[in-house]
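Printed here is start_26.cif (mmCIF, C-alpha atoms):
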data_work
loop_
_atom_site.label_atom_id
_atom_site.label_comp_id
_atom_site.auth_asym_id
_atom_site.auth_seq_id
_atom_site.Cartn_x
_atom_site.Cartn_y
_atom_site.Cartn_z
CA MET A 20 253.91 8.12 4.91
CA LYS A 21 256.06 7.75 8.05
CA LYS A 22 258.26 5.23 6.23
CA LEU A 23 258.70 7.73 3.40
CA LEU A 24 259.67 10.51 5.79
CA ALA A 25 262.23 8.31 7.54
CA ALA A 26 263.85 7.55 4.19
CA LEU A 27 263.71 11.22 3.27
CA VAL A 28 265.95 12.15 6.21
CA VAL A 29 268.66 9.86 4.84
CA LEU A 30 268.52 11.68 1.51
CA VAL A 31 269.17 15.12 3.01
CA VAL A 32 272.33 16.65 4.47
CA ILE A 33 271.09 19.23 6.97
CA THR A 34 273.20 21.62 9.01
CA THR A 35 272.57 21.34 12.72
CA VAL A 36 270.73 24.59 13.20
CA ALA A 37 267.38 24.48 14.95
CA GLY A 38 264.45 25.72 12.94
CA CYS A 39 261.71 24.84 10.51
CA ILE A 40 262.48 23.76 6.95
CA GLU A 41 259.60 24.89 4.78
CA PRO A 42 258.85 23.78 1.22
CA LYS A 43 257.28 26.05 -1.37
CA GLU A 44 253.52 26.00 -1.81
CA ALA A 45 252.09 23.06 -3.79
CA SER A 46 250.06 23.80 -6.90
CA ALA A 47 247.43 21.35 -8.13
CA ALA A 48 248.36 18.62 -10.62
CA ARG A 49 245.61 18.96 -13.23
CA VAL A 50 244.19 16.80 -15.99
CA ASP A 51 244.30 18.64 -19.31
CA GLU A 52 240.93 20.38 -19.74
CA GLY A 53 240.51 19.31 -23.37
CA VAL A 54 241.23 15.66 -22.55
CA LEU A 55 238.91 15.85 -19.54
CA ALA A 56 235.99 17.27 -21.53
CA GLY A 57 236.55 14.85 -24.41
CA ALA A 58 236.30 11.90 -22.03
CA GLY A 59 233.12 13.18 -20.37
CA TRP A 60 234.83 13.68 -17.01
CA VAL A 61 234.58 16.71 -14.70
CA GLN A 62 236.47 18.15 -11.76
CA GLU A 63 234.67 17.54 -8.47
CA GLY A 64 235.11 20.26 -5.85
CA ASP A 65 237.98 22.67 -5.35
CA VAL A 66 241.68 22.16 -4.75
CA GLN A 67 242.38 20.82 -1.25
CA LYS A 68 245.71 22.01 0.19
CA GLN A 69 247.41 20.68 3.29
CA THR A 70 250.70 21.11 5.15
CA MET A 71 252.04 18.19 7.17
CA GLU A 72 254.71 18.67 9.84
CA VAL A 73 257.11 16.00 11.07
CA ASN A 74 259.69 16.50 13.82
CA VAL A 75 263.18 15.21 13.04
CA THR A 76 265.76 15.85 15.80
CA LEU A 77 266.12 19.66 15.92
CA PHE A 78 264.03 20.25 12.83
CA THR A 79 260.41 20.36 11.78
CA LEU A 80 260.06 19.13 8.22
CA GLU A 81 257.04 20.45 6.34
CA ILE A 82 255.48 18.82 3.30
CA ASN A 83 252.92 20.71 1.23
CA THR A 84 250.23 18.94 -0.79
CA ALA A 85 247.50 19.92 -3.23
CA MET A 86 244.73 17.49 -4.20
CA LEU A 87 242.02 17.50 -6.87
CA ALA A 88 239.17 15.02 -7.44
CA TYR A 89 237.59 14.03 -10.75
CA LYS A 90 234.71 11.79 -11.81
CA ASP A 91 233.24 10.37 -15.02
CA LYS A 92 230.10 12.52 -15.21
CA GLU A 93 228.99 10.93 -18.46
CA LEU A 94 229.02 7.43 -16.97
CA GLN A 95 227.41 8.65 -13.75
CA ASP A 96 224.52 10.23 -15.68
CA ILE A 97 223.94 6.99 -17.61
CA ILE A 98 223.89 4.91 -14.41
CA ARG A 99 221.56 7.37 -12.67
CA ARG A 100 219.19 7.34 -15.62
CA HIS A 101 219.01 3.55 -15.84
CA THR A 102 218.67 3.04 -12.07
CA ALA A 103 216.06 5.79 -11.57
CA GLY A 104 218.58 7.77 -9.55
CA LEU A 105 219.21 4.99 -7.02
CA SER A 106 222.92 4.69 -7.85
CA ASP A 107 225.67 7.30 -8.16
CA ALA A 108 228.28 4.74 -9.20
CA THR A 109 230.93 5.92 -11.66
CA SER A 110 234.70 6.10 -12.14
CA TYR A 111 236.69 8.36 -9.83
CA MET A 112 240.19 9.78 -9.89
CA MET A 113 242.30 12.01 -7.66
CA THR A 114 245.55 13.86 -8.31
CA LEU A 115 247.96 14.85 -5.56
CA ARG A 116 251.08 16.99 -5.82
CA VAL A 117 253.57 16.65 -2.95
CA VAL A 118 256.29 19.28 -2.43
CA PHE A 119 259.21 18.48 -0.13
CA PRO A 120 261.61 20.91 1.58
CA LEU A 121 265.00 21.91 0.16
CA ASN A 122 263.82 21.02 -3.38
CA ILE A 123 264.18 17.33 -2.55
CA VAL A 124 262.42 14.86 -4.83
CA PRO A 125 262.68 11.29 -3.44
CA PRO A 126 262.55 8.30 -5.84
CA SER A 127 259.07 7.71 -7.27
CA ASP A 128 259.10 3.98 -6.58
CA MET A 129 259.84 4.64 -2.90
CA VAL A 130 256.90 7.05 -2.67
CA LEU A 131 254.69 4.55 -4.48
CA ASP A 132 255.40 1.88 -1.86
CA ALA A 133 254.76 4.38 0.94
CA MET A 134 251.42 5.53 -0.52
CA GLU A 135 250.11 2.08 -1.46
CA GLY A 136 248.82 1.19 2.01
CA GLN A 137 246.72 4.33 2.28
CA PHE A 138 245.29 3.84 -1.22
CA LEU A 139 244.38 0.20 -0.58
CA GLU A 140 242.79 1.07 2.75
CA SER A 141 240.42 3.51 1.05
CA VAL A 142 239.54 1.09 -1.77
CA ARG A 143 238.97 -1.83 0.60
CA GLU A 144 236.21 0.11 2.37
CA ASN A 145 234.04 -0.89 -0.60
CA ALA A 146 236.00 -3.82 -2.08
CA PRO A 147 237.57 -5.81 0.80
CA ASP A 148 239.11 -8.43 -1.52
CA VAL A 149 241.08 -5.99 -3.69
CA GLN A 150 244.55 -7.27 -4.64
CA GLN A 151 247.44 -6.08 -6.79
CA THR A 152 247.42 -7.63 -10.27
CA GLU A 153 250.11 -5.78 -12.22
CA VAL A 154 253.03 -3.36 -12.04
CA LYS A 155 253.76 -1.19 -15.07
CA THR A 156 255.14 2.13 -16.28
CA ILE A 157 253.13 4.84 -18.04
CA GLN A 158 254.58 7.43 -20.39
CA ILE A 159 253.31 10.87 -19.36
CA ASP A 160 252.66 13.40 -22.15
CA ALA A 161 254.97 15.95 -20.49
CA GLY A 162 257.89 13.54 -20.94
CA TYR A 163 258.01 11.79 -17.56
CA VAL A 164 257.62 8.10 -16.74
CA ALA A 165 255.15 7.06 -14.04
CA HIS A 166 255.50 3.95 -11.88
CA ALA A 167 252.07 2.34 -11.51
CA LYS A 168 250.42 -0.50 -9.62
CA ILE A 169 247.08 -1.96 -10.72
CA TYR A 170 244.53 -3.67 -8.47
CA GLU A 171 241.25 -5.57 -8.87
CA GLY A 172 238.48 -6.44 -6.45
CA THR A 173 234.71 -6.81 -6.09
CA VAL A 174 232.13 -4.37 -4.76
CA HIS A 175 228.97 -5.96 -3.33
CA TYR A 176 225.68 -4.08 -3.17
CA ASP A 177 222.02 -4.92 -2.62
CA GLY A 178 221.02 -7.23 -5.45
CA GLY A 179 224.41 -7.73 -7.05
CA SER A 180 228.14 -7.22 -7.27
CA MET A 181 230.65 -5.62 -9.62
CA LYS A 182 234.34 -6.07 -10.36
CA ILE A 183 236.42 -2.91 -10.11
CA ARG A 184 239.95 -1.97 -11.12
CA GLY A 185 242.14 0.56 -9.38
CA ILE A 186 245.42 2.20 -10.34
CA LEU A 187 247.99 4.14 -8.34
CA ALA A 188 250.55 5.99 -10.47
CA ILE A 189 253.44 8.19 -9.29
CA TRP A 190 256.13 10.24 -10.99
CA ASP A 191 258.29 13.28 -10.36
CA ASP A 192 258.58 16.40 -12.49
CA GLY A 193 261.93 17.44 -11.08
CA GLU A 194 260.42 19.69 -8.42
CA SER A 195 257.63 17.62 -6.85
CA ILE A 196 256.02 14.21 -6.71
CA ILE A 197 252.70 13.70 -8.52
CA VAL A 198 250.37 10.92 -7.36
CA VAL A 199 247.27 9.80 -9.27
CA GLY A 200 244.80 7.23 -7.96
CA ALA A 201 241.70 6.02 -9.81
CA VAL A 202 239.01 3.33 -9.56
CA VAL A 203 236.73 2.21 -12.40
CA PRO A 204 233.93 -0.37 -12.74
CA LEU A 205 234.88 -3.36 -14.91
CA GLU A 206 231.45 -5.00 -15.25
CA ASP A 207 227.84 -4.16 -15.99
CA VAL A 208 225.61 -2.87 -13.22
CA THR A 209 223.22 -5.74 -12.49
CA LEU A 210 220.20 -6.30 -10.28
CA LEU A 211 219.38 -9.88 -9.28
CA GLY A 212 221.52 -11.10 -12.17
CA ILE A 213 219.82 -8.86 -14.76
CA PRO A 214 222.07 -6.28 -16.53
CA ILE A 215 220.79 -2.78 -15.84
CA VAL A 216 223.66 -0.69 -17.27
CA LYS A 217 226.17 -1.96 -19.83
CA ILE A 218 229.76 -0.95 -18.99
CA ASP A 219 232.84 -1.53 -21.11
CA GLY A 220 235.31 -1.78 -18.25
CA GLU A 221 238.42 -2.10 -20.39
CA ALA A 222 237.48 1.02 -22.38
CA GLU A 223 236.82 2.87 -19.11
CA PHE A 224 240.26 1.90 -17.83
CA ARG A 225 241.97 2.97 -21.06
CA GLU A 226 240.21 6.32 -20.66
CA VAL A 227 241.73 6.68 -17.19
CA ILE A 228 245.21 5.96 -18.56
CA THR A 229 244.70 8.73 -21.14
CA LEU A 230 243.65 11.14 -18.36
CA ILE A 231 246.70 10.22 -16.27
CA GLN A 232 249.02 10.79 -19.24
CA SER A 233 247.71 14.36 -19.61
CA VAL A 234 248.27 15.39 -15.97
CA ALA A 235 250.69 18.28 -15.44
#
Let me see the structure of the file written as C-alpha cells.
Amino acid sequence: MKKLLAALVVLVVITTVAGCIEPKEASAARVDEGVLAGAGWVQEGDVQKQTMEVNVTLFTLEINTAMLAYKDKELQDIIRRHTAGLSDATSYMMTLRVVFPLNIVPPSDMVLDAMEGQFLESVRENAPDVQQTEVKTIQIDAGYVAHAKIYEGTVHYDGGSMKIRGILAIWDDGESIIVVGAVVPLEDVTLLGIPIVKIDGEAEFREVITLIQSVA
C-alpha cells in the first residue's frame, strides 16, 4: 500500500497549502443479490469501513475503504454435514472499494501489484506454497474490465490436504477502485486418503468469476 501511495503523489498536482485532503465516503461494492442467492452464497457480517491517513509533505492524504465478506453457504453446509460438523471449510470472497482524494483513480494494474503482497500473505497463512499461475482480464457486467491474478496452493490439515485456488481482481468505475479477492477449494475433502466430500473445484471457481462479474 505504501508503494501505491508513493505513486499516487506523482499523479496529483497539489497546491502548496497546508491541510488535509479528504476523499468522499466509500460505499460497499456488492455482489448482485440475485446472483448471490442463485449461487448459494451469503454475505457474512456487516460492511467494514476504514479511513487511512498518510502524511505527504504539508498534506495528510486520506483514503476511505468499505469492505464486505461473502461465503459459499451451500458448500459449507454440505461439508459440515459430511464431516459431522468438524469442518467449516468453504469458498470465501471479499469486496473492497477504495476512494482516493481529489477524485483520483490510479491505474488498476498499479493497484493490483500493490495489493498482491497483502493478499498472498493472508492466503499463505493456510497455504504456504501458494504461487501465481495466471494473469487474465475479466469483463464486468457493468461494462468495466478487471485485471486479475490467479494463484494455486495446498492446504494441509489433520488427515489430509487440499488444493486451493485464489483470485485477486481489480478495476475502476471512474470514481473508485474495486478490489475482489476469493479462495476456493479445488479438490475433494479427504480423510486418510478417503474422499469425504466431493467438490467440483473448476465449477466452484467459475461460480466465483460469475459473482465477481456482478459486483457493482
Self-check item: Test item: the PyMOL selection byres ((chain A and resi 95-104) around 12) resolved as a count of residues only
Solution: 27
Set out as a Markdown table a contact list for range 105-140 of chain A and range 64-72 of chain A with a cut-off of 12 Å, giving each residue of range 105-140 of chain A that qualifies its closest atom pair and distance in Å to one decimal, counting all atoms listed in the file, ordered by chain and rising residue number.
| residue | atom | partner | partner_atom | distance |
| --- | --- | --- | --- | --- |
| A:Met113 | CA | A:Val66 | CA | 10.6 |
| A:Thr114 | CA | A:Val66 | CA | 9.8 |
| A:Leu115 | CA | A:Gln67 | CA | 9.2 |
| A:Arg116 | CA | A:Lys68 | CA | 9.5 |
| A:Val117 | CA | A:Gln69 | CA | 9.7 |
| A:Val118 | CA | A:Thr70 | CA | 9.6 |
| A:Phe119 | CA | A:Met71 | CA | 10.2 |
| A:Pro120 | CA | A:Glu72 | CA | 11.0 |
For the residues in the current selection, export C-alpha atoms as a short mmCIF file (atom, residue, chain, number, x, y, z; two decimals), in the coordinates of the input.
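The file below, selection-v9.cif, is the result:
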data_model
loop_
_atom_site.label_atom_id
_atom_site.label_comp_id
_atom_site.auth_asym_id
_atom_site.auth_seq_id
_atom_site.Cartn_x
_atom_site.Cartn_y
_atom_site.Cartn_z
CA MET A 113 242.30 12.01 -7.66
CA THR A 114 245.55 13.86 -8.31
CA LEU A 115 247.96 14.85 -5.56
CA ARG A 116 251.08 16.99 -5.82
CA VAL A 117 253.57 16.65 -2.95
CA VAL A 118 256.29 19.28 -2.43
CA PHE A 119 259.21 18.48 -0.13
CA PRO A 120 261.61 20.91 1.58
#
Take the point (247.5, -0.9, -1.1) as written in the file and pick out every residue within 12 Å of it, counting all atoms listed in the file; give the list as a compact mmCIF listing (two decimals) with C-alpha atoms, in the frame of the given file.
# COMPACT_ATOMS: atom_id res chain seq x y z
CA LEU A 131 254.69 4.55 -4.48
CA ASP A 132 255.40 1.88 -1.86
CA ALA A 133 254.76 4.38 0.94
CA MET A 134 251.42 5.53 -0.52
CA GLU A 135 250.11 2.08 -1.46
CA GLY A 136 248.82 1.19 2.01
CA GLN A 137 246.72 4.33 2.28
CA PHE A 138 245.29 3.84 -1.22
CA LEU A 139 244.38 0.20 -0.58
CA GLU A 140 242.79 1.07 2.75
CA SER A 141 240.42 3.51 1.05
CA VAL A 142 239.54 1.09 -1.77
CA ARG A 143 238.97 -1.83 0.60
CA GLU A 144 236.21 0.11 2.37
CA ALA A 146 236.00 -3.82 -2.08
CA PRO A 147 237.57 -5.81 0.80
CA ASP A 148 239.11 -8.43 -1.52
CA VAL A 149 241.08 -5.99 -3.69
CA GLN A 150 244.55 -7.27 -4.64
CA GLN A 151 247.44 -6.08 -6.79
CA THR A 152 247.42 -7.63 -10.27
CA ALA A 167 252.07 2.34 -11.51
CA LYS A 168 250.42 -0.50 -9.62
CA ILE A 169 247.08 -1.96 -10.72
CA TYR A 170 244.53 -3.67 -8.47
CA GLU A 171 241.25 -5.57 -8.87
CA GLY A 172 238.48 -6.44 -6.45
CA GLY A 185 242.14 0.56 -9.38
CA ILE A 186 245.42 2.20 -10.34
CA LEU A 187 247.99 4.14 -8.34
CA GLY A 200 244.80 7.23 -7.96
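Here CA of Gly212 in chain A stands at a distance of 7.8 Å from CA of Gly178 in chain A.
Take CA of Phe224 in chain A and CA of Asp192 in chain A: the distance between them is 24.0 Å.
Among the candidate residues A:Ala235, A:Leu211, A:Val227, A:Ile159, the one lying nearest to Ser46 in chain A is A:Ala235, with distances computed using only C-alpha atoms.
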Quiz item: What is the distance, in Å and to one decimal place, between CA of Ala161 in chain A and CA of Ala188 in chain A?
Solution: 14.8 Å
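The shortest atom-to-atom distance to Val174 in chain A, with only C-alpha atoms taken into account, belongs to A:Glu206 out of A:Glu44, A:Glu206, A:Asp51, A:Asp191.
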Some atoms are missing, so please complete range 94-110 of chain A with N, CA and C atoms and return it as a PDB file, in the coordinates of the input.
ATOM      1  N   LEU A  94     229.392   8.762 -17.451  1.00  0.00           N
ATOM      2  CA  LEU A  94     229.020   7.430 -16.970  1.00  0.00           C
ATOM      3  C   LEU A  94     228.052   7.540 -15.797  1.00  0.00           C
ATOM      4  N   GLN A  95     228.291   8.477 -14.899  1.00  0.00           N
ATOM      5  CA  GLN A  95     227.410   8.650 -13.750  1.00  0.00           C
ATOM      6  C   GLN A  95     225.984   8.993 -14.187  1.00  0.00           C
ATOM      7  N   ASP A  96     225.849   9.863 -15.181  1.00  0.00           N
ATOM      8  CA  ASP A  96     224.520  10.230 -15.680  1.00  0.00           C
ATOM      9  C   ASP A  96     223.799   9.032 -16.282  1.00  0.00           C
ATOM     10  N   ILE A  97     224.540   8.186 -17.010  1.00  0.00           N
ATOM     11  CA  ILE A  97     223.940   6.990 -17.610  1.00  0.00           C
ATOM     12  C   ILE A  97     223.445   6.042 -16.522  1.00  0.00           C
ATOM     13  N   ILE A  98     224.275   5.825 -15.491  1.00  0.00           N
ATOM     14  CA  ILE A  98     223.890   4.910 -14.410  1.00  0.00           C
ATOM     15  C   ILE A  98     222.705   5.470 -13.640  1.00  0.00           C
ATOM     16  N   ARG A  99     222.703   6.758 -13.361  1.00  0.00           N
ATOM     17  CA  ARG A  99     221.560   7.370 -12.670  1.00  0.00           C
ATOM     18  C   ARG A  99     220.278   7.198 -13.463  1.00  0.00           C
ATOM     19  N   ARG A 100     220.379   7.410 -14.771  1.00  0.00           N
ATOM     20  CA  ARG A 100     219.190   7.340 -15.620  1.00  0.00           C
ATOM     21  C   ARG A 100     218.605   5.926 -15.652  1.00  0.00           C
ATOM     22  N   HIS A 101     219.481   4.931 -15.721  1.00  0.00           N
ATOM     23  CA  HIS A 101     219.010   3.550 -15.840  1.00  0.00           C
ATOM     24  C   HIS A 101     218.671   2.913 -14.488  1.00  0.00           C
ATOM     25  N   THR A 102     219.026   3.575 -13.398  1.00  0.00           N
ATOM     26  CA  THR A 102     218.670   3.040 -12.070  1.00  0.00           C
ATOM     27  C   THR A 102     217.685   3.964 -11.361  1.00  0.00           C
ATOM     28  N   ALA A 103     217.054   4.840 -12.120  1.00  0.00           N
ATOM     29  CA  ALA A 103     216.060   5.790 -11.570  1.00  0.00           C
ATOM     30  C   ALA A 103     216.658   6.608 -10.424  1.00  0.00           C
ATOM     31  N   GLY A 104     217.935   6.938 -10.548  1.00  0.00           N
ATOM     32  CA  GLY A 104     218.580   7.770  -9.550  1.00  0.00           C
ATOM     33  C   GLY A 104     218.992   7.070  -8.275  1.00  0.00           C
ATOM     34  N   LEU A 105     218.881   5.741  -8.244  1.00  0.00           N
ATOM     35  CA  LEU A 105     219.210   4.990  -7.020  1.00  0.00           C
ATOM     36  C   LEU A 105     220.708   4.763  -6.851  1.00  0.00           C
ATOM     37  N   SER A 106     221.467   4.924  -7.933  1.00  0.00           N
ATOM     38  CA  SER A 106     222.920   4.690  -7.850  1.00  0.00           C
ATOM     39  C   SER A 106     223.689   5.872  -8.410  1.00  0.00           C
ATOM     40  N   ASP A 107     224.758   6.251  -7.702  1.00  0.00           N
ATOM     41  CA  ASP A 107     225.670   7.300  -8.160  1.00  0.00           C
ATOM     42  C   ASP A 107     227.008   6.711  -8.593  1.00  0.00           C
ATOM     43  N   ALA A 108     227.023   5.414  -8.851  1.00  0.00           N
ATOM     44  CA  ALA A 108     228.280   4.740  -9.200  1.00  0.00           C
ATOM     45  C   ALA A 108     228.884   5.355 -10.457  1.00  0.00           C
ATOM     46  N   THR A 109     230.203   5.443 -10.483  1.00  0.00           N
ATOM     47  CA  THR A 109     230.930   5.920 -11.660  1.00  0.00           C
ATOM     48  C   THR A 109     232.413   5.663 -11.433  1.00  0.00           C
ATOM     49  N   SER A 110     233.254   6.183 -12.314  1.00  0.00           N
ATOM     50  CA  SER A 110     234.700   6.100 -12.140  1.00  0.00           C
ATOM     51  C   SER A 110     235.188   7.378 -11.455  1.00  0.00           C
TER      52      SER A 110
END
